[in-house]
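J.: Below you will find the structure I want to go over with you.
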Amino acid sequence: MSQVNGTVLKIKRKLSMLLEKFSMGVGDRFGHQAKAQLQAFINAKADGINVVPVWNKSHREHSIIGTVPSDVRVAADAAIKECSWEGSYYVDADHINGGNVEAFIDCSDFFTLDVADYIGKPADPKDVEAFVAKYSKFTAPFTIDGIDGELNVTADQISEIASKYLFAVKEAGKIYNQIKSVKGEGNFVTEVSMDETDQPQTPIEMLFILAAIADEGIPAQTIAPKFTGRFNKGVDYVGDLAQFEKEFNDDLAVIRFAVKEFSMNENLKLSVHSGSDKFSIYEPMSKAIKKFNAGLHLKTAGTTWLEEIIGLALAGGEGLVIAKEVYAQALKKFDELCAPYATVIDIDKSNLPDAETINGWDGEKLAAALTHDQSCDEYNPDMRQLLHVGYKVAAQMGDRFTSALEEFEETIAKTVTGNIFDRHLKRIFY
């Protein structure tokens, strides 16, 4: 991208930062794969498929690895320049809250407001009462195009939903206003995230959550609900596929209805978190977004880190040695590494080979165990999940690990690009 073109793009996006119809969040925990990740989007664009990259990294990941939010911006900007990408791209302050947002404000232009911890906290009774009164018209039977049959909602149901979610939405409003006070209105993309909670939101709950978001003045462009089933890190979806498909379609219908009913952003779209490698739901998701002519934001994170380990294994030599060491240390630190991710992993420890066994493997065998190919007999989802949460081990290796990423860049880049392009972009957006 030339300096002139880059400047034009920057001015254009500052005036009206509207997230494109299709976007995909790509985590890059060690900040070395932005170029390889971007190549997947370049490949898709060459096929006529326009999906914009969103580099995301959470406060927790920065804390573990020892990076700072501005590092993500630097890596993304460098990749954009080197690859001459002339489309939009974003840097996401992933899963931030009021306590840590400040460090992300200057360098991010996409903010995932995570208010799941506030769901269920009691809202002001006066706010609940006013909300019920405002939306009392929905106590008469009504329909939403795309959802079968009439919907019947009582005032008590609206009150219950408001009591459960209003406090969380108001917290999102506080964070949004904090960002806006620095960046200015319209200069960033806002997502409201409620996925990290125990129970999925029903379509009716989604409707009134969106009403509350509109009332709060949050110009949300994506909404991340909790869906039925388990979205474990780095492996396939576990749950009732038919139920997920119904929920996903119903949520798309509700969003389309809410956009008109509550005068929300026309490009408001669903965001699917922990979306990497959920291969079994990609087909119904793809069908649904085509049916509704709807947008989608798919958020992934640790998939690229796993591809780095796979690439190191395939590179052999010191790369393979490091990959084996990371696994051995992850086994030793199993409880420490897994505890923060307990709700999004299911690891059968009996299926984890010991370090001595792994030491006898060649790079091809280790890579096959970690590569998410369910047709391969060597694939081991328990090993994959352990290493997904085991990036702290690599971080503790310091320069030794990052130097290996540079030394074996060519091999790693192939696995990173191939994973995003072939397993993700092609399966959903084509």
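Residues in the structure tokens are named by chain (A, B, ... in the order shown) and by number from 1 within that chain; ligands are numbered from 1 in the order shown.
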In range 283-396 of chain A, what's strand (DSSP E) per DSSP? Answer as a CSV table (one decimal) with N, CA and C atoms, in the first residue's frame?
T.:
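Result file is out05.csv:
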```
chain,number,residue,atom,x,y,z
A,296,LEU,N,-21.5,-11.8,9.0
A,296,LEU,CA,-21.0,-12.7,10.0
A,296,LEU,C,-19.6,-12.3,10.4
A,297,HIS,N,-19.4,-12.3,11.8
A,297,HIS,CA,-18.0,-12.1,12.3
A,297,HIS,C,-17.6,-13.4,13.0
A,298,LEU,N,-16.6,-14.1,12.5
A,298,LEU,CA,-16.1,-15.3,13.1
A,298,LEU,C,-14.9,-15.0,13.9
A,299,LYS,N,-14.9,-15.3,15.2
A,299,LYS,CA,-13.7,-15.0,16.0
A,299,LYS,C,-12.9,-16.2,16.3
```
J.: Write out as JSON lines the residues of range 246-320 of chain A that have any atom within 10 Å of an atom of range 224-236 of chain A, one row each with the nearest atom pair and its distance in Å to one decimal, counting only C-alpha atoms, sorted by chain and then rising number.
T.:
```
{"residue": "A:Glu247", "atom": "CA", "partner": "A:Phe227", "partner_atom": "CA", "distance": 7.3}
{"residue": "A:Phe248", "atom": "CA", "partner": "A:Phe227", "partner_atom": "CA", "distance": 7.9}
{"residue": "A:Asp251", "atom": "CA", "partner": "A:Pro225", "partner_atom": "CA", "distance": 9.0}
{"residue": "A:Lys269", "atom": "CA", "partner": "A:Ala224", "partner_atom": "CA", "distance": 8.8}
{"residue": "A:Leu270", "atom": "CA", "partner": "A:Ala224", "partner_atom": "CA", "distance": 6.1}
{"residue": "A:Ser271", "atom": "CA", "partner": "A:Ala224", "partner_atom": "CA", "distance": 4.6}
{"residue": "A:Val272", "atom": "CA", "partner": "A:Ala224", "partner_atom": "CA", "distance": 6.0}
{"residue": "A:His273", "atom": "CA", "partner": "A:Ala224", "partner_atom": "CA", "distance": 6.8}
{"residue": "A:Ser274", "atom": "CA", "partner": "A:Phe231", "partner_atom": "CA", "distance": 6.0}
{"residue": "A:Gly275", "atom": "CA", "partner": "A:Phe231", "partner_atom": "CA", "distance": 7.2}
{"residue": "A:Ser276", "atom": "CA", "partner": "A:Gly234", "partner_atom": "CA", "distance": 6.1}
{"residue": "A:Asp277", "atom": "CA", "partner": "A:Val235", "partner_atom": "CA", "distance": 5.4}
{"residue": "A:Lys278", "atom": "CA", "partner": "A:Asp236", "partner_atom": "CA", "distance": 4.2}
{"residue": "A:Phe279", "atom": "CA", "partner": "A:Asp236", "partner_atom": "CA", "distance": 5.8}
{"residue": "A:Ser280", "atom": "CA", "partner": "A:Asp236", "partner_atom": "CA", "distance": 6.7}
{"residue": "A:Ile281", "atom": "CA", "partner": "A:Asp236", "partner_atom": "CA", "distance": 8.5}
{"residue": "A:His297", "atom": "CA", "partner": "A:Ala224", "partner_atom": "CA", "distance": 9.0}
{"residue": "A:Leu298", "atom": "CA", "partner": "A:Ala224", "partner_atom": "CA", "distance": 9.8}
{"residue": "A:Lys299", "atom": "CA", "partner": "A:Ala224", "partner_atom": "CA", "distance": 9.7}
{"residue": "A:Thr300", "atom": "CA", "partner": "A:Gly234", "partner_atom": "CA", "distance": 8.8}
{"residue": "A:Ala301", "atom": "CA", "partner": "A:Gly234", "partner_atom": "CA", "distance": 8.7}
{"residue": "A:Gly302", "atom": "CA", "partner": "A:Gly234", "partner_atom": "CA", "distance": 7.0}
{"residue": "A:Thr303", "atom": "CA", "partner": "A:Gly234", "partner_atom": "CA", "distance": 6.1}
{"residue": "A:Thr304", "atom": "CA", "partner": "A:Gly234", "partner_atom": "CA", "distance": 9.9}
{"residue": "A:Leu306", "atom": "CA", "partner": "A:Gly234", "partner_atom": "CA", "distance": 8.4}
```
J.: Since we have the selection now, will you write its residues out, keeping N, CA and C atoms, as a CSV table (one decimal), in the first residue's frame?
T.:
```csv
chain,number,residue,atom,x,y,z
A,247,GLU,N,-31.2,-22.1,16.5
A,247,GLU,CA,-30.8,-20.9,17.2
A,247,GLU,C,-30.1,-19.9,16.4
A,248,PHE,N,-29.2,-20.3,15.5
A,248,PHE,CA,-28.5,-19.4,14.7
A,248,PHE,C,-29.4,-18.7,13.7
A,251,ASP,N,-31.6,-16.3,15.6
A,251,ASP,CA,-30.9,-15.1,16.0
A,251,ASP,C,-30.7,-14.1,14.8
A,269,LYS,N,-24.5,-7.6,12.9
A,269,LYS,CA,-24.3,-9.0,12.6
A,269,LYS,C,-24.0,-9.9,13.8
A,270,LEU,N,-24.2,-11.2,13.6
A,270,LEU,CA,-23.8,-12.1,14.7
A,270,LEU,C,-22.3,-12.3,14.7
A,271,SER,N,-21.7,-12.5,15.9
A,271,SER,CA,-20.3,-12.8,16.1
A,271,SER,C,-20.3,-14.2,16.8
A,272,VAL,N,-19.5,-15.1,16.2
A,272,VAL,CA,-19.4,-16.4,16.8
A,272,VAL,C,-18.0,-16.5,17.5
A,273,HIS,N,-18.0,-16.6,18.8
A,273,HIS,CA,-16.7,-16.7,19.5
A,273,HIS,C,-16.2,-18.1,19.7
A,274,SER,N,-14.9,-18.2,19.9
A,274,SER,CA,-14.3,-19.6,19.9
A,274,SER,C,-14.7,-20.3,18.6
A,275,GLY,N,-14.8,-19.6,17.5
A,275,GLY,CA,-15.3,-20.2,16.3
A,275,GLY,C,-14.4,-21.0,15.5
A,276,SER,N,-13.1,-21.0,15.9
A,276,SER,CA,-12.1,-21.7,15.2
A,276,SER,C,-12.3,-23.2,15.3
A,277,ASP,N,-12.2,-23.9,14.1
A,277,ASP,CA,-12.3,-25.4,14.1
A,277,ASP,C,-13.7,-26.0,14.4
A,278,LYS,N,-14.7,-25.2,14.4
A,278,LYS,CA,-16.1,-25.7,14.6
A,278,LYS,C,-16.7,-26.2,13.3
A,279,PHE,N,-16.0,-27.1,12.7
A,279,PHE,CA,-16.3,-27.5,11.3
A,279,PHE,C,-17.7,-28.0,11.1
A,280,SER,N,-18.3,-28.7,12.1
A,280,SER,CA,-19.6,-29.3,11.9
A,280,SER,C,-20.7,-28.2,11.8
A,281,ILE,N,-20.4,-27.0,12.4
A,281,ILE,CA,-21.5,-25.9,12.3
A,281,ILE,C,-21.2,-25.0,11.1
A,297,HIS,N,-19.4,-12.3,11.8
A,297,HIS,CA,-18.0,-12.1,12.3
A,297,HIS,C,-17.6,-13.4,13.0
A,298,LEU,N,-16.6,-14.1,12.5
A,298,LEU,CA,-16.1,-15.3,13.1
A,298,LEU,C,-14.9,-15.0,13.9
A,299,LYS,N,-14.9,-15.3,15.2
A,299,LYS,CA,-13.7,-15.0,16.0
A,299,LYS,C,-12.9,-16.2,16.3
A,300,THR,N,-11.6,-16.2,15.9
A,300,THR,CA,-10.7,-17.3,16.3
A,300,THR,C,-9.6,-16.7,17.1
A,301,ALA,N,-8.8,-17.5,17.8
A,301,ALA,CA,-7.7,-17.0,18.6
A,301,ALA,C,-6.5,-17.9,18.5
A,302,GLY,N,-6.5,-19.0,19.3
A,302,GLY,CA,-5.3,-19.9,19.4
A,302,GLY,C,-5.0,-20.8,18.3
A,303,THR,N,-5.8,-20.8,17.2
A,303,THR,CA,-5.6,-21.7,16.1
A,303,THR,C,-4.2,-21.4,15.5
A,304,THR,N,-3.8,-20.1,15.3
A,304,THR,CA,-2.5,-19.8,14.7
A,304,THR,C,-1.4,-20.3,15.6
A,306,LEU,N,-1.4,-22.9,17.5
A,306,LEU,CA,-1.2,-24.3,17.2
A,306,LEU,C,-0.5,-24.6,15.9
```
J.: For each of A:Glu406, A:Asp106, A:Gln39, A:Ala172, take the minimum atom-to-atom distance to Gly184 in chain A, counting only C-alpha atoms, then give the residue where this is smallest.
T.: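 Looking only at the distances to Gly184 in chain A, the closest residue turns out to be A:Asp106.
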J.: As a ChimeraX atom specification, which residues of range 140-286 of chain A does DSSP assign to helix (DSSP H, G or I)?
T.: /A:155-183,203-215,241-261,279-286
J.: Show which residues sit within 12 Å of range 67-72 of chain A, as a PDB file with N, CA and C atoms, in the first residue's frame. Count only C-alpha atoms, and ignore same-chain residues fewer than 6 positions away.
T.:
```
ATOM      1  N   VAL A  26      -8.565 -12.998  13.867  1.00  0.00           N
ATOM      2  CA  VAL A  26      -7.421 -13.911  13.866  1.00  0.00           C
ATOM      3  C   VAL A  26      -6.479 -13.535  14.999  1.00  0.00           C
ATOM      4  N   GLY A  27      -6.300 -14.440  15.915  1.00  0.00           N
ATOM      5  CA  GLY A  27      -5.370 -14.200  17.008  1.00  0.00           C
ATOM      6  C   GLY A  27      -3.950 -14.483  16.547  1.00  0.00           C
ATOM      7  N   ASP A  28      -3.008 -13.732  17.086  1.00  0.00           N
ATOM      8  CA  ASP A  28      -1.589 -13.934  16.761  1.00  0.00           C
ATOM      9  C   ASP A  28      -0.804 -13.726  18.040  1.00  0.00           C
ATOM     10  N   ARG A  29      -0.784 -14.740  18.872  1.00  0.00           N
ATOM     11  CA  ARG A  29      -0.322 -14.575  20.245  1.00  0.00           C
ATOM     12  C   ARG A  29       1.118 -14.082  20.347  1.00  0.00           C
ATOM     13  N   PHE A  30       1.977 -14.528  19.438  1.00  0.00           N
ATOM     14  CA  PHE A  30       3.381 -14.122  19.528  1.00  0.00           C
ATOM     15  C   PHE A  30       3.760 -13.064  18.504  1.00  0.00           C
ATOM     16  N   GLY A  31       2.765 -12.597  17.731  1.00  0.00           N
ATOM     17  CA  GLY A  31       2.973 -11.455  16.857  1.00  0.00           C
ATOM     18  C   GLY A  31       3.902 -11.684  15.678  1.00  0.00           C
ATOM     19  N   HIS A  32       4.023 -12.934  15.215  1.00  0.00           N
ATOM     20  CA  HIS A  32       4.920 -13.233  14.099  1.00  0.00           C
ATOM     21  C   HIS A  32       4.203 -13.700  12.835  1.00  0.00           C
ATOM     22  N   GLN A  33       2.868 -13.872  12.886  1.00  0.00           N
ATOM     23  CA  GLN A  33       2.178 -14.516  11.766  1.00  0.00           C
ATOM     24  C   GLN A  33       1.192 -13.623  11.038  1.00  0.00           C
ATOM     25  N   ALA A  34       1.240 -12.326  11.269  1.00  0.00           N
ATOM     26  CA  ALA A  34       0.255 -11.445  10.633  1.00  0.00           C
ATOM     27  C   ALA A  34       0.313 -11.540   9.110  1.00  0.00           C
ATOM     28  N   VAL A  54      -9.453  -9.196  11.186  1.00  0.00           N
ATOM     29  CA  VAL A  54      -9.506  -8.449  12.448  1.00  0.00           C
ATOM     30  C   VAL A  54      -8.534  -9.120  13.400  1.00  0.00           C
ATOM     31  N   TRP A  55      -7.429  -8.457  13.681  1.00  0.00           N
ATOM     32  CA  TRP A  55      -6.459  -9.048  14.597  1.00  0.00           C
ATOM     33  C   TRP A  55      -6.918  -8.827  16.032  1.00  0.00           C
ATOM     34  N   ASN A  56      -7.086  -9.912  16.776  1.00  0.00           N
ATOM     35  CA  ASN A  56      -7.591  -9.789  18.146  1.00  0.00           C
ATOM     36  C   ASN A  56      -6.633 -10.431  19.156  1.00  0.00           C
ATOM     37  N   LYS A  57      -6.536  -9.777  20.301  1.00  0.00           N
ATOM     38  CA  LYS A  57      -5.708 -10.303  21.386  1.00  0.00           C
ATOM     39  C   LYS A  57      -6.232  -9.741  22.692  1.00  0.00           C
ATOM     40  N   SER A  58      -6.446 -10.618  23.646  1.00  0.00           N
ATOM     41  CA  SER A  58      -7.080 -10.228  24.901  1.00  0.00           C
ATOM     42  C   SER A  58      -6.072  -9.738  25.934  1.00  0.00           C
ATOM     43  N   HIS A  59      -6.603  -9.087  26.947  1.00  0.00           N
ATOM     44  CA  HIS A  59      -5.777  -8.638  28.070  1.00  0.00           C
ATOM     45  C   HIS A  59      -5.076  -9.831  28.723  1.00  0.00           C
ATOM     46  N   ARG A  60      -5.789 -10.949  28.863  1.00  0.00           N
ATOM     47  CA  ARG A  60      -5.198 -12.145  29.477  1.00  0.00           C
ATOM     48  C   ARG A  60      -4.008 -12.635  28.664  1.00  0.00           C
ATOM     49  N   GLU A  61      -4.145 -12.674  27.348  1.00  0.00           N
ATOM     50  CA  GLU A  61      -3.048 -13.153  26.502  1.00  0.00           C
ATOM     51  C   GLU A  61      -1.850 -12.222  26.575  1.00  0.00           C
ATOM     52  N   ALA A  78       2.370  -3.608   9.755  1.00  0.00           N
ATOM     53  CA  ALA A  78       3.539  -4.054   8.985  1.00  0.00           C
ATOM     54  C   ALA A  78       3.127  -5.074   7.926  1.00  0.00           C
ATOM     55  N   ALA A  79       2.241  -5.993   8.286  1.00  0.00           N
ATOM     56  CA  ALA A  79       1.781  -7.003   7.329  1.00  0.00           C
ATOM     57  C   ALA A  79       0.990  -6.367   6.201  1.00  0.00           C
ATOM     58  N   TYR A  90      -8.735  -4.431  10.865  1.00  0.00           N
ATOM     59  CA  TYR A  90      -9.028  -3.883  12.183  1.00  0.00           C
ATOM     60  C   TYR A  90      -8.154  -4.555  13.240  1.00  0.00           C
ATOM     61  N   VAL A  91      -8.000  -3.857  14.343  1.00  0.00           N
ATOM     62  CA  VAL A  91      -7.312  -4.397  15.515  1.00  0.00           C
ATOM     63  C   VAL A  91      -8.292  -4.376  16.676  1.00  0.00           C
ATOM     64  N   ASP A  92      -8.578  -5.553  17.195  1.00  0.00           N
ATOM     65  CA  ASP A  92      -9.637  -5.742  18.186  1.00  0.00           C
ATOM     66  C   ASP A  92      -9.075  -5.830  19.596  1.00  0.00           C
ATOM     67  N   ALA A  93      -9.574  -4.965  20.472  1.00  0.00           N
ATOM     68  CA  ALA A  93      -9.318  -5.095  21.902  1.00  0.00           C
ATOM     69  C   ALA A  93     -10.279  -6.170  22.409  1.00  0.00           C
ATOM     70  N   ASP A  94      -9.802  -7.375  22.475  1.00  0.00           N
ATOM     71  CA  ASP A  94     -10.656  -8.546  22.635  1.00  0.00           C
ATOM     72  C   ASP A  94     -11.036  -8.772  24.100  1.00  0.00           C
ATOM     73  N   ILE A  96     -12.491  -6.964  26.436  1.00  0.00           N
ATOM     74  CA  ILE A  96     -12.051  -5.975  27.413  1.00  0.00           C
ATOM     75  C   ILE A  96     -13.218  -5.554  28.301  1.00  0.00           C
ATOM     76  N   ASN A 100      -9.653  -2.684  32.134  1.00  0.00           N
ATOM     77  CA  ASN A 100      -8.441  -2.805  31.329  1.00  0.00           C
ATOM     78  C   ASN A 100      -8.530  -2.139  29.954  1.00  0.00           C
ATOM     79  N   VAL A 101      -9.647  -1.484  29.651  1.00  0.00           N
ATOM     80  CA  VAL A 101      -9.840  -0.929  28.312  1.00  0.00           C
ATOM     81  C   VAL A 101      -8.865   0.189  27.981  1.00  0.00           C
ATOM     82  N   GLU A 102      -8.445   0.938  28.986  1.00  0.00           N
ATOM     83  CA  GLU A 102      -7.656   2.139  28.724  1.00  0.00           C
ATOM     84  C   GLU A 102      -6.389   1.840  27.925  1.00  0.00           C
ATOM     85  N   ALA A 103      -5.742   0.723  28.215  1.00  0.00           N
ATOM     86  CA  ALA A 103      -4.488   0.388  27.536  1.00  0.00           C
ATOM     87  C   ALA A 103      -4.694   0.084  26.054  1.00  0.00           C
ATOM     88  N   PHE A 104      -5.938  -0.209  25.652  1.00  0.00           N
ATOM     89  CA  PHE A 104      -6.222  -0.593  24.276  1.00  0.00           C
ATOM     90  C   PHE A 104      -6.739   0.563  23.413  1.00  0.00           C
ATOM     91  N   ILE A 105      -7.134   1.651  24.031  1.00  0.00           N
ATOM     92  CA  ILE A 105      -7.899   2.669  23.305  1.00  0.00           C
ATOM     93  C   ILE A 105      -7.125   3.262  22.133  1.00  0.00           C
ATOM     94  N   ASP A 106      -5.895   3.671  22.348  1.00  0.00           N
ATOM     95  CA  ASP A 106      -5.158   4.370  21.293  1.00  0.00           C
ATOM     96  C   ASP A 106      -4.854   3.484  20.086  1.00  0.00           C
ATOM     97  N   CYS A 107      -4.581   2.200  20.316  1.00  0.00           N
ATOM     98  CA  CYS A 107      -4.079   1.351  19.233  1.00  0.00           C
ATOM     99  C   CYS A 107      -5.154   0.458  18.610  1.00  0.00           C
ATOM    100  N   SER A 108      -6.362   0.458  19.124  1.00  0.00           N
ATOM    101  CA  SER A 108      -7.413  -0.414  18.609  1.00  0.00           C
ATOM    102  C   SER A 108      -8.494   0.396  17.913  1.00  0.00           C
ATOM    103  N   ASP A 109      -9.164  -0.254  16.966  1.00  0.00           N
ATOM    104  CA  ASP A 109     -10.320   0.379  16.330  1.00  0.00           C
ATOM    105  C   ASP A 109     -11.525  -0.546  16.306  1.00  0.00           C
ATOM    106  N   ALA A 395       5.869 -18.955  25.845  1.00  0.00           N
ATOM    107  CA  ALA A 395       6.205 -17.592  26.245  1.00  0.00           C
ATOM    108  C   ALA A 395       7.377 -17.585  27.221  1.00  0.00           C
ATOM    109  N   GLY A 398      10.936 -17.490  25.921  1.00  0.00           N
ATOM    110  CA  GLY A 398      11.480 -16.205  25.508  1.00  0.00           C
ATOM    111  C   GLY A 398      12.032 -16.210  24.092  1.00  0.00           C
TER     112      GLY A 398
END
```
J.: Restricting the calculation to only C-alpha atoms, which member of A:Lys134, A:Lys246, A:Lys287, A:Lys183 is positioned closest to Phe208 in chain A?
T.: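 Distance minimum relative to Phe208 in chain A lands on A:Lys134.
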J.: My list of candidates is A:Met285, A:Ile358, A:Leu38, A:Ile204. Which is closest to Ile144 in chain A when distances are computed with only C-alpha atoms?
T.: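 Closest candidate: A:Ile204.
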J.: Tell me, as a PyMOL selection string, which residues lie within 6 Å of range 150-166 of chain A, counting only C-alpha atoms; anything in the same chain fewer than 2 positions away does not count.
T.: chain A and resi 119-120+122-123+128+132+139+141-143+168-169
J.: Please dump the current selection as a PDB file, in the first residue's frame; keep N, CA and C atoms.
T.:
```
ATOM      1  N   ILE A 119     -24.036 -10.247  33.786  1.00  0.00           N
ATOM      2  CA  ILE A 119     -25.357 -10.822  33.541  1.00  0.00           C
ATOM      3  C   ILE A 119     -25.898 -11.399  34.841  1.00  0.00           C
ATOM      4  N   GLY A 120     -27.124 -11.044  35.171  1.00  0.00           N
ATOM      5  CA  GLY A 120     -27.736 -11.555  36.400  1.00  0.00           C
ATOM      6  C   GLY A 120     -27.581 -10.631  37.585  1.00  0.00           C
ATOM      7  N   PRO A 122     -28.406  -7.490  39.682  1.00  0.00           N
ATOM      8  CA  PRO A 122     -29.709  -6.806  39.716  1.00  0.00           C
ATOM      9  C   PRO A 122     -29.668  -5.404  39.144  1.00  0.00           C
ATOM     10  N   ALA A 123     -30.581  -5.149  38.240  1.00  0.00           N
ATOM     11  CA  ALA A 123     -30.724  -3.799  37.677  1.00  0.00           C
ATOM     12  C   ALA A 123     -31.577  -2.948  38.608  1.00  0.00           C
ATOM     13  N   VAL A 128     -35.960  -1.226  35.285  1.00  0.00           N
ATOM     14  CA  VAL A 128     -36.710  -2.396  34.823  1.00  0.00           C
ATOM     15  C   VAL A 128     -38.158  -2.003  34.526  1.00  0.00           C
ATOM     16  N   VAL A 132     -40.027  -2.203  30.843  1.00  0.00           N
ATOM     17  CA  VAL A 132     -41.256  -2.991  30.615  1.00  0.00           C
ATOM     18  C   VAL A 132     -42.341  -2.110  30.015  1.00  0.00           C
ATOM     19  N   THR A 139     -46.272  -7.314  24.318  1.00  0.00           N
ATOM     20  CA  THR A 139     -47.095  -8.286  25.044  1.00  0.00           C
ATOM     21  C   THR A 139     -48.293  -8.732  24.204  1.00  0.00           C
ATOM     22  N   PRO A 141     -49.526 -10.519  20.720  1.00  0.00           N
ATOM     23  CA  PRO A 141     -48.878 -11.470  19.817  1.00  0.00           C
ATOM     24  C   PRO A 141     -48.277 -10.758  18.602  1.00  0.00           C
ATOM     25  N   PHE A 142     -47.054 -11.159  18.228  1.00  0.00           N
ATOM     26  CA  PHE A 142     -46.395 -10.551  17.074  1.00  0.00           C
ATOM     27  C   PHE A 142     -45.584 -11.615  16.352  1.00  0.00           C
ATOM     28  N   THR A 143     -45.143 -11.292  15.170  1.00  0.00           N
ATOM     29  CA  THR A 143     -44.357 -12.237  14.382  1.00  0.00           C
ATOM     30  C   THR A 143     -43.034 -11.600  13.980  1.00  0.00           C
ATOM     31  N   ALA A 168     -25.927  -5.467  32.783  1.00  0.00           N
ATOM     32  CA  ALA A 168     -24.807  -5.788  31.896  1.00  0.00           C
ATOM     33  C   ALA A 168     -24.746  -4.829  30.712  1.00  0.00           C
ATOM     34  N   VAL A 169     -25.907  -4.524  30.133  1.00  0.00           N
ATOM     35  CA  VAL A 169     -25.935  -3.605  28.988  1.00  0.00           C
ATOM     36  C   VAL A 169     -25.501  -2.202  29.414  1.00  0.00           C
TER      37      VAL A 169
END
```
J.: Applying 8 Å and only C-alpha atoms, which residues near Glu308 in chain A remain after dropping the ones on its own chain fewer than 2 positions away? List them as a PyMOL selection string.
T.: chain A and resi 304-306+310-312+405+412+415-416
J.: Please identify all polymer residues within 9 Å of Ile289 in chain A, counting only C-alpha atoms, omitting same-chain residues fewer than 6 positions from it, and present them as a list in words.
T.: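 Residues meeting the cut-off are Asn249, Leu252, Gly295, Leu296 and Phe429 of chain A.
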J.: Could those selected residues go to a file with C-alpha atoms, as a short mmCIF file (atom, residue, chain, number, x, y, z; two decimals), in the first residue's frame?
T.:
```
data_model
loop_
_atom_site.label_atom_id
_atom_site.label_comp_id
_atom_site.auth_asym_id
_atom_site.auth_seq_id
_atom_site.Cartn_x
_atom_site.Cartn_y
_atom_site.Cartn_z
CA ASN A 249 -31.24 -18.91 12.13
CA LEU A 252 -30.36 -13.84 12.39
CA GLY A 295 -23.17 -10.73 7.63
CA LEU A 296 -21.00 -12.70 10.02
CA PHE A 429 -17.77 -17.86 3.15
#
```
J.: Nearest to Ile147 in chain A: which of A:Asp77, A:Asp250, A:Glu205, A:Glu196 is it, counting only C-alpha atoms?
T.: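 Residue with the minimum atom-to-atom distance to Ile147 in chain A: A:Asp250.
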